[in-house]
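Source file: query-v2.cif; contents: mmCIF, C-alpha atoms (C1' of nucleotides).
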data_structure
#
loop_
_atom_site.label_atom_id
_atom_site.label_comp_id
_atom_site.auth_asym_id
_atom_site.auth_seq_id
_atom_site.Cartn_x
_atom_site.Cartn_y
_atom_site.Cartn_z
CA MET L 240 -27.05 -15.64 38.68
CA GLN L 241 -26.85 -19.26 39.84
CA LEU L 242 -29.51 -20.37 37.41
CA TYR L 243 -28.22 -18.22 34.57
CA VAL L 244 -24.79 -19.76 35.00
CA GLU L 245 -26.09 -23.30 35.47
CA ARG L 246 -28.33 -23.55 32.45
CA GLY L 247 -28.05 -20.32 30.53
CA PHE L 248 -30.27 -17.27 30.50
CA GLU L 249 -32.82 -18.29 27.90
CA GLN L 250 -33.21 -21.75 29.35
CA THR L 251 -34.12 -20.57 32.81
CA THR L 252 -37.68 -19.58 33.36
CA VAL L 253 -38.93 -16.90 35.67
CA ALA L 254 -40.92 -19.51 37.53
CA GLU L 255 -37.67 -21.32 38.34
CA ILE L 256 -35.96 -18.19 39.55
CA ALA L 257 -38.91 -17.35 41.73
CA ALA L 258 -39.07 -20.89 43.09
CA ARG L 259 -35.42 -20.88 44.04
CA ALA L 260 -35.93 -17.56 45.77
CA GLY L 261 -38.93 -18.99 47.58
CA VAL L 262 -41.45 -16.61 46.05
CA THR L 263 -43.96 -16.52 43.25
CA ALA L 264 -43.39 -15.44 39.67
CA ARG L 265 -45.80 -12.59 40.27
CA THR L 266 -43.63 -11.40 43.12
CA PHE L 267 -40.55 -11.58 40.95
CA PHE L 268 -42.12 -9.14 38.55
CA ARG L 269 -42.91 -6.78 41.36
CA HIS L 270 -39.22 -6.52 42.11
CA PHE L 271 -37.84 -6.57 38.60
CA ALA L 272 -39.38 -5.10 35.49
CA ASP L 273 -38.38 -8.12 33.46
CA LYS L 274 -36.29 -11.23 33.44
CA ARG L 275 -33.13 -9.41 32.45
CA GLU L 276 -33.30 -6.66 34.98
CA VAL L 277 -32.12 -8.97 37.76
CA LEU L 278 -28.56 -8.59 36.57
CA PHE L 279 -28.70 -4.81 36.49
CA ALA L 280 -29.90 -3.91 39.93
CA GLY L 281 -27.58 -1.30 41.35
CA SER L 282 -26.90 0.43 38.08
CA GLU L 283 -28.72 3.49 39.41
CA GLN L 284 -26.15 3.79 42.17
CA LEU L 285 -23.37 3.66 39.63
CA GLN L 286 -25.03 6.40 37.63
CA GLN L 287 -25.62 8.48 40.72
CA GLY L 288 -22.01 8.08 41.79
CA LEU L 289 -20.69 9.09 38.41
CA VAL L 290 -22.89 12.15 38.18
CA GLU L 291 -21.99 13.28 41.67
CA ALA L 292 -18.30 12.93 40.95
CA LEU L 293 -18.80 14.91 37.80
CA GLU L 294 -20.58 17.64 39.66
CA SER L 295 -18.02 17.91 42.41
CA ALA L 296 -15.18 18.40 39.97
CA PRO L 297 -13.74 21.91 40.24
CA ALA L 298 -15.41 24.50 38.07
CA SER L 299 -12.10 25.18 36.41
CA ALA L 300 -11.86 21.62 35.10
CA THR L 301 -12.19 21.04 31.38
CA PRO L 302 -15.04 18.79 30.25
CA LEU L 303 -12.64 15.92 29.81
CA GLU L 304 -11.15 16.43 33.25
CA ALA L 305 -14.59 16.39 34.80
CA VAL L 306 -15.37 13.14 33.05
CA VAL L 307 -12.08 11.72 34.26
CA ALA L 308 -13.19 12.48 37.80
CA ALA L 309 -16.39 10.57 37.10
CA LEU L 310 -14.37 7.69 35.68
CA ASP L 311 -12.38 7.45 38.87
CA ALA L 312 -15.57 7.17 40.85
CA GLY L 313 -16.76 4.53 38.43
CA ALA L 314 -13.56 2.56 38.83
CA GLU L 315 -14.02 2.52 42.58
CA PHE L 316 -17.56 1.27 42.19
CA LEU L 317 -16.88 -1.32 39.49
CA GLY L 318 -13.41 -2.34 40.54
CA ARG L 319 -14.48 -4.41 43.51
CA HIS L 320 -15.66 -8.02 43.41
CA HIS L 321 -13.51 -9.05 40.49
CA ALA L 322 -14.66 -12.67 40.57
CA HIS L 323 -18.32 -11.78 40.67
CA ALA L 324 -17.84 -9.23 37.92
CA ARG L 325 -16.25 -11.90 35.75
CA ARG L 326 -19.13 -14.30 36.16
CA ARG L 327 -21.71 -11.61 35.55
CA HIS L 328 -19.86 -10.31 32.52
CA SER L 329 -19.58 -13.73 30.94
CA VAL L 330 -23.29 -14.34 31.37
CA ILE L 331 -24.15 -11.01 29.81
CA MET L 332 -21.79 -11.42 26.90
CA ALA L 333 -23.20 -14.87 26.17
CA ASN L 334 -26.71 -13.50 25.66
CA PRO L 335 -27.65 -10.86 23.12
CA GLU L 336 -30.76 -9.99 25.10
CA LEU L 337 -28.68 -9.24 28.16
CA TYR L 338 -26.08 -7.41 26.17
CA GLU L 339 -28.81 -5.21 24.78
CA ARG L 340 -29.83 -4.30 28.26
CA GLU L 341 -26.25 -3.59 29.23
CA LEU L 342 -25.90 -1.29 26.26
CA ILE L 343 -28.98 0.72 27.07
CA LYS L 344 -27.81 1.11 30.65
CA MET L 345 -24.57 2.50 29.32
CA ALA L 346 -26.45 4.80 26.99
CA THR L 347 -28.52 6.07 29.89
CA LEU L 348 -25.35 6.64 31.84
CA SER L 349 -23.88 8.51 28.92
CA GLU L 350 -26.91 10.73 28.66
CA ALA L 351 -26.74 11.47 32.39
CA LEU L 352 -23.12 12.50 32.06
CA ALA L 353 -23.90 14.64 29.05
CA GLU L 354 -26.65 16.35 31.01
CA GLY L 355 -24.23 16.94 33.86
CA LEU L 356 -21.75 18.49 31.47
CA ARG L 357 -24.42 20.74 30.02
CA ARG L 358 -25.20 21.93 33.50
CA ARG L 359 -21.55 22.84 33.76
CA GLY L 360 -21.96 25.01 30.71
CA VAL L 361 -20.50 22.69 28.11
CA PRO L 362 -22.26 23.28 24.79
CA GLU L 363 -23.39 20.66 22.32
CA PRO L 364 -22.18 18.59 20.65
CA ASP L 365 -19.19 18.64 22.99
CA ALA L 366 -21.17 17.54 26.03
CA THR L 367 -22.52 14.47 24.29
CA LEU L 368 -19.22 13.63 22.67
CA THR L 369 -17.25 13.94 25.88
CA ALA L 370 -19.76 11.82 27.72
CA GLU L 371 -19.75 9.19 24.99
CA THR L 372 -15.99 9.14 25.10
CA GLY L 373 -16.12 8.51 28.81
CA ILE L 374 -18.53 5.64 28.36
CA VAL L 375 -16.44 4.04 25.65
CA VAL L 376 -13.48 4.19 28.00
CA VAL L 377 -15.48 2.60 30.79
CA ARG L 378 -16.70 -0.18 28.54
CA VAL L 379 -13.37 -0.99 26.95
CA ALA L 380 -11.35 -0.67 30.13
CA PHE L 381 -13.83 -2.74 32.09
CA GLY L 382 -13.74 -5.36 29.37
CA THR L 383 -9.98 -5.75 29.53
CA TRP L 384 -9.97 -5.58 33.33
CA VAL L 385 -12.54 -8.32 33.53
CA SER L 386 -10.70 -10.43 30.98
CA ARG L 387 -7.73 -10.72 33.29
CA PRO L 388 -7.95 -13.75 35.58
CA GLU L 389 -6.59 -11.84 38.55
CA PRO L 390 -7.86 -8.52 39.87
CA THR L 391 -5.82 -5.49 38.84
CA ASP L 392 -6.17 -1.75 39.12
CA LEU L 393 -9.23 -0.70 37.16
CA ALA L 394 -8.63 3.02 37.54
CA ALA L 395 -5.19 2.61 36.02
CA THR L 396 -6.63 0.61 33.14
CA MET L 397 -9.14 3.35 32.53
CA ARG L 398 -6.45 6.01 32.42
CA GLU L 399 -4.40 4.00 29.96
CA THR L 400 -7.46 3.39 27.84
CA LEU L 401 -8.30 7.07 27.79
CA ALA L 402 -4.77 7.89 26.75
CA ARG L 403 -5.00 5.44 23.84
CA MET L 404 -8.36 6.91 22.95
CA ALA L 405 -6.86 10.38 22.75
CA ALA L 406 -3.97 9.11 20.67
CA VAL L 407 -6.21 7.26 18.30
CA THR L 408 -8.76 10.01 17.69
CA SER L 409 -6.08 12.51 16.88
CA GLY L 410 -4.84 10.26 14.10
CA GLY L 411 -2.02 8.56 15.97
CA MET O 94 -43.91 1.49 10.31
CA GLN O 95 -47.46 2.63 9.62
CA LEU O 96 -48.82 0.84 12.65
CA TYR O 97 -45.90 1.78 14.87
CA VAL O 98 -46.46 5.43 14.01
CA GLU O 99 -50.25 5.23 14.27
CA ARG O 100 -50.56 3.63 17.67
CA GLY O 101 -47.08 3.15 19.05
CA PHE O 102 -44.82 0.14 19.10
CA GLU O 103 -46.04 -1.60 22.24
CA GLN O 104 -49.67 -1.07 21.37
CA THR O 105 -49.47 -2.77 18.01
CA THR O 106 -49.68 -6.51 18.05
CA VAL O 107 -47.91 -8.85 15.69
CA ALA O 108 -51.28 -10.17 14.60
CA GLU O 109 -52.21 -6.66 13.44
CA ILE O 110 -49.00 -6.21 11.51
CA ALA O 111 -49.46 -9.55 9.86
CA ALA O 112 -53.07 -8.80 9.05
CA ARG O 113 -52.20 -5.50 7.41
CA ALA O 114 -49.55 -7.27 5.39
CA GLY O 115 -52.09 -9.90 4.41
CA VAL O 116 -50.30 -12.78 6.04
CA THR O 117 -50.39 -14.78 9.24
CA ALA O 118 -48.52 -14.06 12.45
CA ARG O 119 -46.64 -17.30 11.95
CA THR O 120 -45.44 -16.05 8.60
CA PHE O 121 -44.33 -12.78 10.14
CA PHE O 122 -42.01 -14.66 12.46
CA ARG O 123 -40.57 -16.55 9.55
CA HIS O 124 -39.42 -13.28 8.04
CA PHE O 125 -38.40 -11.44 11.20
CA ALA O 126 -36.85 -12.91 14.31
CA ASP O 127 -39.02 -10.74 16.51
CA LYS O 128 -41.36 -7.81 16.54
CA ARG O 129 -38.58 -5.24 16.66
CA GLU O 130 -36.51 -6.62 13.86
CA VAL O 131 -38.90 -5.18 11.28
CA LEU O 132 -37.31 -1.78 11.70
CA PHE O 133 -33.79 -3.05 11.27
CA ALA O 134 -33.93 -4.95 8.04
CA GLY O 135 -31.10 -3.76 5.85
CA SER O 136 -28.65 -3.17 8.65
CA GLU O 137 -26.53 -6.01 7.30
CA GLN O 138 -26.06 -4.07 4.08
CA LEU O 139 -24.92 -1.05 6.04
CA GLN O 140 -22.42 -3.16 7.91
CA GLN O 141 -21.21 -4.78 4.75
CA GLY O 142 -20.79 -1.41 3.07
CA LEU O 143 -18.84 0.02 5.97
CA VAL O 144 -16.52 -2.96 6.18
CA GLU O 145 -15.88 -2.95 2.44
CA ALA O 146 -15.06 0.74 2.50
CA LEU O 147 -12.73 0.12 5.40
CA GLU O 148 -11.00 -2.65 3.52
CA SER O 149 -10.57 -0.72 0.33
CA ALA O 150 -8.85 2.17 2.09
CA PRO O 151 -5.20 2.42 1.04
CA ALA O 152 -2.82 0.36 3.12
CA SER O 153 -0.96 3.52 4.01
CA ALA O 154 -3.99 5.01 5.72
CA THR O 155 -3.93 5.40 9.49
CA PRO O 156 -6.61 3.53 11.44
CA LEU O 157 -8.56 6.74 11.82
CA GLU O 158 -8.34 7.50 8.11
CA ALA O 159 -9.60 4.05 7.29
CA VAL O 160 -12.55 4.58 9.58
CA VAL O 161 -13.21 7.94 7.98
CA ALA O 162 -13.48 6.15 4.65
CA ALA O 163 -16.03 3.82 6.20
CA LEU O 164 -17.90 6.80 7.61
CA ASP O 165 -18.18 8.29 4.15
CA ALA O 166 -19.71 5.09 2.88
CA GLY O 167 -22.07 5.11 5.84
CA ALA O 168 -23.13 8.67 5.11
CA GLU O 169 -23.99 7.72 1.57
CA PHE O 170 -26.08 4.81 2.79
CA LEU O 171 -27.82 6.60 5.64
CA GLY O 172 -28.01 10.04 4.12
CA ARG O 173 -30.83 9.26 1.71
CA HIS O 174 -34.53 9.24 2.53
CA HIS O 175 -34.33 11.99 5.11
CA ALA O 176 -38.09 12.00 5.74
CA HIS O 177 -38.26 8.27 6.21
CA ALA O 178 -35.22 8.32 8.45
CA ARG O 179 -36.88 10.94 10.64
CA ARG O 180 -40.02 8.90 11.10
CA ARG O 181 -38.09 5.74 11.82
CA HIS O 182 -35.78 7.51 14.22
CA SER O 183 -38.62 9.05 16.18
CA VAL O 184 -40.31 5.67 16.54
CA ILE O 185 -37.10 4.08 17.77
CA MET O 186 -36.31 6.83 20.21
CA ALA O 187 -39.81 6.64 21.67
CA ASN O 188 -39.36 3.00 22.64
CA PRO O 189 -36.64 1.67 24.92
CA GLU O 190 -37.06 -1.80 23.46
CA LEU O 191 -36.37 -0.50 20.00
CA TYR O 192 -33.54 1.68 21.18
CA GLU O 193 -31.96 -1.38 22.75
CA ARG O 194 -32.05 -3.10 19.42
CA GLU O 195 -30.58 -0.08 17.69
CA LEU O 196 -27.74 -0.03 20.19
CA ILE O 197 -26.86 -3.66 19.72
CA LYS O 198 -26.86 -3.18 15.97
CA MET O 199 -24.40 -0.36 16.43
CA ALA O 200 -22.31 -2.50 18.75
CA THR O 201 -22.23 -5.23 16.14
CA LEU O 202 -21.18 -2.70 13.56
CA SER O 203 -18.46 -1.47 15.85
CA GLU O 204 -17.15 -4.98 16.37
CA ALA O 205 -17.12 -5.56 12.62
CA LEU O 206 -15.10 -2.40 12.10
CA ALA O 207 -12.70 -3.38 14.88
CA GLU O 208 -12.23 -6.76 13.26
CA GLY O 209 -11.54 -5.06 9.94
CA LEU O 210 -8.94 -2.85 11.57
CA ARG O 211 -7.28 -5.85 13.19
CA ARG O 212 -7.03 -7.45 9.78
CA ARG O 213 -5.22 -4.31 8.69
CA GLY O 214 -2.71 -4.93 11.43
CA VAL O 215 -4.02 -2.47 13.99
CA PRO O 216 -3.32 -3.84 17.49
CA GLU O 217 -5.64 -3.77 20.48
CA PRO O 218 -6.91 -1.77 22.15
CA ASP O 219 -6.49 0.72 19.31
CA ALA O 220 -8.65 -1.25 16.90
CA THR O 221 -11.60 -1.35 19.27
CA LEU O 222 -11.16 2.26 20.33
CA THR O 223 -10.95 3.56 16.80
CA ALA O 224 -14.00 1.58 15.78
CA GLU O 225 -15.94 2.77 18.81
CA THR O 226 -14.98 6.32 17.98
CA GLY O 227 -16.30 5.87 14.50
CA ILE O 228 -19.59 4.52 15.80
CA VAL O 229 -20.00 7.37 18.25
CA VAL O 230 -19.48 9.77 15.39
CA VAL O 231 -22.08 7.98 13.28
CA ARG O 232 -24.59 8.00 16.09
CA VAL O 233 -24.16 11.60 17.12
CA ALA O 234 -23.89 12.96 13.59
CA PHE O 235 -26.90 10.97 12.46
CA GLY O 236 -28.83 12.25 15.44
CA THR O 237 -28.20 15.88 14.64
CA TRP O 238 -28.75 15.30 10.92
CA VAL O 239 -32.08 13.68 11.59
CA SER O 240 -33.07 16.40 14.00
CA ARG O 241 -32.96 18.97 11.23
CA PRO O 242 -36.31 19.35 9.48
CA GLU O 243 -34.70 19.64 6.06
CA PRO O 244 -32.18 17.25 4.56
CA THR O 245 -28.56 18.40 4.75
CA ASP O 246 -25.18 16.88 4.02
CA LEU O 247 -24.69 13.96 6.37
CA ALA O 248 -21.08 13.36 5.37
CA ALA O 249 -20.23 16.93 6.23
CA THR O 250 -21.96 16.59 9.59
CA MET O 251 -19.95 13.48 10.28
CA ARG O 252 -16.71 15.23 9.51
CA GLU O 253 -17.56 18.12 11.78
CA THR O 254 -18.57 15.71 14.52
CA LEU O 255 -15.33 13.82 14.20
CA ALA O 256 -13.39 17.05 14.42
CA ARG O 257 -15.18 17.98 17.63
CA MET O 258 -14.56 14.50 18.94
CA ALA O 259 -10.84 14.89 18.36
CA ALA O 260 -10.85 18.30 20.01
CA VAL O 261 -12.77 17.09 23.00
CA THR O 262 -10.76 13.94 23.69
CA SER O 263 -7.50 15.82 23.61
CA GLY O 264 -8.76 18.07 26.38
CA GLY O 265 -9.93 20.97 24.25
"C1'" DC S 181 -55.85 -3.50 73.63
"C1'" DG S 182 -58.35 -3.36 69.19
"C1'" DA S 183 -59.53 -1.18 64.60
"C1'" DG S 184 -57.87 0.07 60.62
"C1'" DA S 185 -54.21 1.41 57.28
"C1'" DC S 186 -50.48 -0.24 54.65
"C1'" DG S 187 -47.13 -3.00 52.35
"C1'" DA S 188 -45.71 -7.34 50.62
"C1'" DT S 189 -47.15 -11.51 48.75
"C1'" DG S 190 -50.18 -15.00 46.65
"C1'" DT S 191 -53.91 -16.51 43.32
"C1'" DC S 192 -56.27 -16.34 39.12
"C1'" DA S 193 -57.25 -15.05 34.55
"C1'" DC S 194 -55.76 -13.26 30.43
"C1'" DT S 195 -53.03 -11.20 26.57
"C1'" DT S 196 -49.19 -11.43 23.66
"C1'" DG S 197 -44.74 -12.95 21.83
"C1'" DA S 198 -42.54 -16.79 20.04
"C1'" DT S 199 -41.74 -21.73 18.41
"C1'" DG S 200 -42.35 -26.61 16.84
"C1'" DA S 201 -44.96 -29.98 14.12
"C1'" DC S 202 -47.58 -30.89 10.44
"C1'" DA S 203 -50.66 -29.85 6.41
"C1'" DT S 204 -51.41 -27.23 1.94
"C1'" DC S 205 -50.67 -25.22 -2.15
"C1'" DA S 206 -48.36 -23.19 -6.10
"C1'" DC S 207 -44.74 -23.67 -9.12
"C1'" DC S 208 -40.87 -25.73 -11.51
"C1'" DG S 209 -38.23 -29.15 -13.85
"C1'" DA S 210 -37.71 -33.98 -15.43
"C1'" DT K 166 -47.95 -36.00 -15.25
"C1'" DC K 167 -45.11 -36.85 -11.21
"C1'" DG K 168 -42.48 -35.49 -7.63
"C1'" DG K 169 -39.75 -32.09 -5.19
"C1'" DT K 170 -39.25 -27.60 -3.09
"C1'" DG K 171 -40.33 -23.36 -0.91
"C1'" DA K 172 -43.63 -20.39 1.09
"C1'" DT K 173 -47.58 -20.18 3.79
"C1'" DG K 174 -51.41 -21.61 6.93
"C1'" DT K 175 -53.19 -24.22 11.06
"C1'" DC K 176 -52.87 -25.86 15.53
"C1'" DA K 177 -50.96 -26.58 19.95
"C1'" DT K 178 -48.08 -25.00 23.39
"C1'" DC K 179 -44.93 -22.48 26.30
"C1'" DA K 180 -43.17 -18.47 28.57
"C1'" DA K 181 -43.23 -13.44 29.56
"C1'" DG K 182 -45.79 -9.96 31.47
"C1'" DT K 183 -49.90 -7.57 33.62
"C1'" DG K 184 -54.31 -6.39 35.99
"C1'" DA K 185 -57.68 -7.38 39.63
"C1'" DC K 186 -58.51 -9.06 43.83
"C1'" DA K 187 -57.63 -11.70 48.23
"C1'" DT K 188 -54.71 -12.56 52.23
"C1'" DC K 189 -51.67 -11.84 55.94
"C1'" DG K 190 -48.56 -9.61 59.02
"C1'" DT K 191 -47.09 -5.36 61.00
"C1'" DC K 192 -47.36 -0.80 62.48
"C1'" DT K 193 -49.85 3.09 64.33
"C1'" DC K 194 -53.26 5.66 66.60
"C1'" DG K 195 -57.01 6.32 69.69
#

Output the structure of this file as structure tokens.
Amino acid sequence: MQLYVERGFEQTTVAEIAARAGVTARTFFRHFADKREVLFAGSEQLQQGLVEALESAPASATPLEAVVAALDAGAEFLGRHHAHARRRHSVIMANPELYERELIKMATLSEALAEGLRRRGVPEPDATLTAETGIVVVRVAFGTWVSRPEPTDLAATMRETLARMAAVTSGG
Amino acid sequence: MQLYVERGFEQTTVAEIAARAGVTARTFFRHFADKREVLFAGSEQLQQGLVEALESAPASATPLEAVVAALDAGAEFLGRHHAHARRRHSVIMANPELYERELIKMATLSEALAEGLRRRGVPEPDATLTAETGIVVVRVAFGTWVSRPEPTDLAATMRETLARMAAVTSGG
DNA sequence: CGAGACGATGTCACTTGATGACATCACCGA
DNA sequence: TCGGTGATGTCATCAAGTGACATCGTCTCG
């Protein structure tokens, strides 16, 4: 993060990162699949948390309600470390390569949620669509949350975003 | 495409592609920014078509209706060459690197639609959310369309997908 | 205590993707 | 015919990864 902020992502070489960490480039690649992955460590935990929240939603919950439960868990996970999140987000948004990675992480997350919904008996295409809706809400809400200079309530932002989403897709 | 299908994306080298095309690797990189971009030539036309359709929707149209107009244009563009689309899609889905690129193209498309909606006076976050909804519909509908062995009506699939999307986000 | 297994790291060599600098060559218009 | 322009080739070079092998410290078992 230091180097990416200092001189930009493309301009910093893996050798430099490794040097600052006091290891070798070869070692770097044993910890991270590639140069981008450094910024996405911990995304498995997020996914795991979301899926667990989805699964522990009551069986009577509608698909959307189950996803809302997952969103709440996501807000708790993402809603800490506002300052750090802002720095990280600005680095990612400044680099198409990193943004690509971010997007595929989100897509993976979406697929995991869809799978969880299917396990709950939700048929296709509803499972996929509900999951995708959830991910759009996470992305958009996180984006506005992170754009605010001071930390606010991410869960609330997500709920508002979801409400707008519902309004908008029903032709409001 | 030939080489990517024959031996997989990662396994084919730029030198091979260039050789089969009868040029040099250096020339390849003058036509395509990178190895993946080969599969995404023409995506600017798609974007342009969608945005134009969005703009030529009547001023009285709701945001969602305007996006539906764009979707129709997209269906016309994407809905041809079913066989080719299937091959291309399977190659992309088999390779995370390519899928990443696909996702960022879609994100760019989404942002272009959002910008078009803003020009129509749609405020945030509705513009972004409506555009994202449209893109989800394109992605999911295209996925099911391409999964069918025989060509069907993509526009119809999109409409059905959008209807499910509306049902699902309103808690159905 | 000592031998050996194991995990983390380093070293080296190599492939491939990607880019800059410069040379060529074909073609087009004055 | 001359000169410009655009497309391509050649060459050198850098950076991202990866495989093979060596090294070193630690932990465990007899």

With a distance threshold of 9 Å and counting all atoms listed in the file, extract the residues of chain S near chain O and express them as a PDB file with C-alpha atoms (C1' of nucleotides), keeping the file's coordinate frame.
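Printed below is selection-v6.pdb as written:
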ATOM      1  C1'  DT S 196     -49.190 -11.430  23.660  1.00  0.00           C
ATOM      2  C1'  DG S 197     -44.740 -12.950  21.830  1.00  0.00           C
ATOM      3  C1'  DA S 198     -42.540 -16.790  20.040  1.00  0.00           C
TER       4       DA S 198
END

Distance of CA of Val98 (chain O) from CA of Ala178 (chain O), expressed in Å to one decimal place: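 Calculated distance between CA of Ala178 (chain O) and CA of Val98 (chain O) is 12.9 Å.
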
Residues of chain K at most 9 Å from chain O: nearest atom pair and distance in Å, all atoms listed in the file, as JSON lines:
{"residue": "K:DA172", "atom": "C1'", "partner": "O:Thr120", "partner_atom": "CA", "distance": 8.9}
{"residue": "K:DT173", "atom": "C1'", "partner": "O:Thr120", "partner_atom": "CA", "distance": 6.7}
{"residue": "K:DG174", "atom": "C1'", "partner": "O:Thr117", "partner_atom": "CA", "distance": 7.3}

I'd like the residues picked by the PyMOL selection byres ((chain O) within 6 of (chain L)) written out as a PyMOL selection string, using the chain letters and numbers from the file. chain O and resi 157+193+197+259+262-264

One-decimal distance in Å that lies between CA of Leu147 (chain O) and CA of Val160 (chain O):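 Between these atoms lies a distance of 6.1 Å.
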
Please provide the set of residues having any atom within 12 Å of DT188 (chain K), restricted to only C-alpha atoms (C1' of nucleotides), with same-chain residues fewer than 3 positions apart removed, written as a ChimeraX atom specification. /S:188-191

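When the PyMOL selection byres ((chain K and resi 177) around 12) is evaluated against the file, it yields DT199, DG200, DA201 and DC202 of chain S; DT175, DC176, DT178 and DC179 of chain K.
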
Determine the residue membership of the PyMOL selection byres ((chain S and resi 209) around 12) for the file above and supply it as a PyMOL selection string. (chain S and resi 207-208+210) or (chain K and resi 166-170)

Produce a file of the selected residues containing C-alpha atoms (C1' of nucleotides), as a JSON list (two decimals), keeping the file's coordinate frame.
[["chain", "number", "residue", "atom", "x", "y", "z"],
["S", 207, "DC", "C1'", -44.74, -23.67, -9.12],
["S", 208, "DC", "C1'", -40.87, -25.73, -11.51],
["S", 210, "DA", "C1'", -37.71, -33.98, -15.43],
["K", 166, "DT", "C1'", -47.95, -36.00, -15.25],
["K", 167, "DC", "C1'", -45.11, -36.85, -11.21],
["K", 168, "DG", "C1'", -42.48, -35.49, -7.63],
["K", 169, "DG", "C1'", -39.75, -32.09, -5.19],
["K", 170, "DT", "C1'", -39.25, -27.60, -3.09]]

I'd like the box whose edges run along x, y and z of the file and which contains every listed atom of region 134-143 of chain O, padded by 5 Å per side; could you state its centre and edge lengths in Å, one decimal, as lines of an AutoDock Vina configuration file?
center_x = -26.4
center_y = -3.0
center_z = 5.9
size_x = 25.1
size_y = 16.0
size_z = 15.6

Tell me, in Å to one decimal, how far CA of Met186 (chain O) is from CA of Gln95 (chain O).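 These atoms are spaced 15.9 Å apart.
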
Would you kindly place N, CA and C atoms on region 125-141 of chain O and return the model as a short mmCIF file (atom, residue, chain, number, x, y, z; two decimals), in the frame of the given file?
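Result file follows (out_10.cif):
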data_model
loop_
_atom_site.label_atom_id
_atom_site.label_comp_id
_atom_site.auth_asym_id
_atom_site.auth_seq_id
_atom_site.Cartn_x
_atom_site.Cartn_y
_atom_site.Cartn_z
N PHE O 125 -39.10 -12.27 10.22
CA PHE O 125 -38.40 -11.44 11.20
C PHE O 125 -38.28 -12.21 12.52
N ALA O 126 -37.10 -12.14 13.08
CA ALA O 126 -36.85 -12.91 14.31
C ALA O 126 -37.79 -12.48 15.42
N ASP O 127 -38.06 -11.20 15.51
CA ASP O 127 -39.02 -10.74 16.51
C ASP O 127 -39.65 -9.43 16.04
N LYS O 128 -40.54 -8.96 16.88
CA LYS O 128 -41.36 -7.81 16.54
C LYS O 128 -40.53 -6.56 16.24
N ARG O 129 -39.39 -6.46 16.85
CA ARG O 129 -38.58 -5.24 16.66
C ARG O 129 -37.81 -5.27 15.35
N GLU O 130 -37.44 -6.47 14.97
CA GLU O 130 -36.51 -6.62 13.86
C GLU O 130 -37.02 -5.99 12.56
N VAL O 131 -38.32 -5.78 12.48
CA VAL O 131 -38.90 -5.18 11.28
C VAL O 131 -38.20 -3.87 10.92
N LEU O 132 -37.88 -3.11 11.95
CA LEU O 132 -37.31 -1.78 11.70
C LEU O 132 -35.83 -1.83 11.39
N PHE O 133 -35.23 -2.98 11.44
CA PHE O 133 -33.79 -3.05 11.27
C PHE O 133 -33.35 -3.90 10.09
N ALA O 134 -34.30 -4.25 9.26
CA ALA O 134 -33.93 -4.95 8.04
C ALA O 134 -33.00 -4.03 7.24
N GLY O 135 -32.01 -4.57 6.65
CA GLY O 135 -31.10 -3.76 5.85
C GLY O 135 -29.87 -3.32 6.62
N SER O 136 -29.82 -3.60 7.90
CA SER O 136 -28.65 -3.17 8.65
C SER O 136 -27.43 -4.00 8.29
N GLU O 137 -27.68 -5.20 7.73
CA GLU O 137 -26.53 -6.01 7.30
C GLU O 137 -25.84 -5.33 6.11
N GLN O 138 -26.66 -4.77 5.21
CA GLN O 138 -26.06 -4.07 4.08
C GLN O 138 -25.19 -2.91 4.56
N LEU O 139 -25.71 -2.16 5.51
CA LEU O 139 -24.92 -1.05 6.04
C LEU O 139 -23.58 -1.55 6.56
N GLN O 140 -23.65 -2.61 7.35
CA GLN O 140 -22.42 -3.16 7.91
C GLN O 140 -21.47 -3.60 6.81
N GLN O 141 -22.04 -4.31 5.85
CA GLN O 141 -21.21 -4.78 4.75
C GLN O 141 -20.55 -3.62 4.01
#
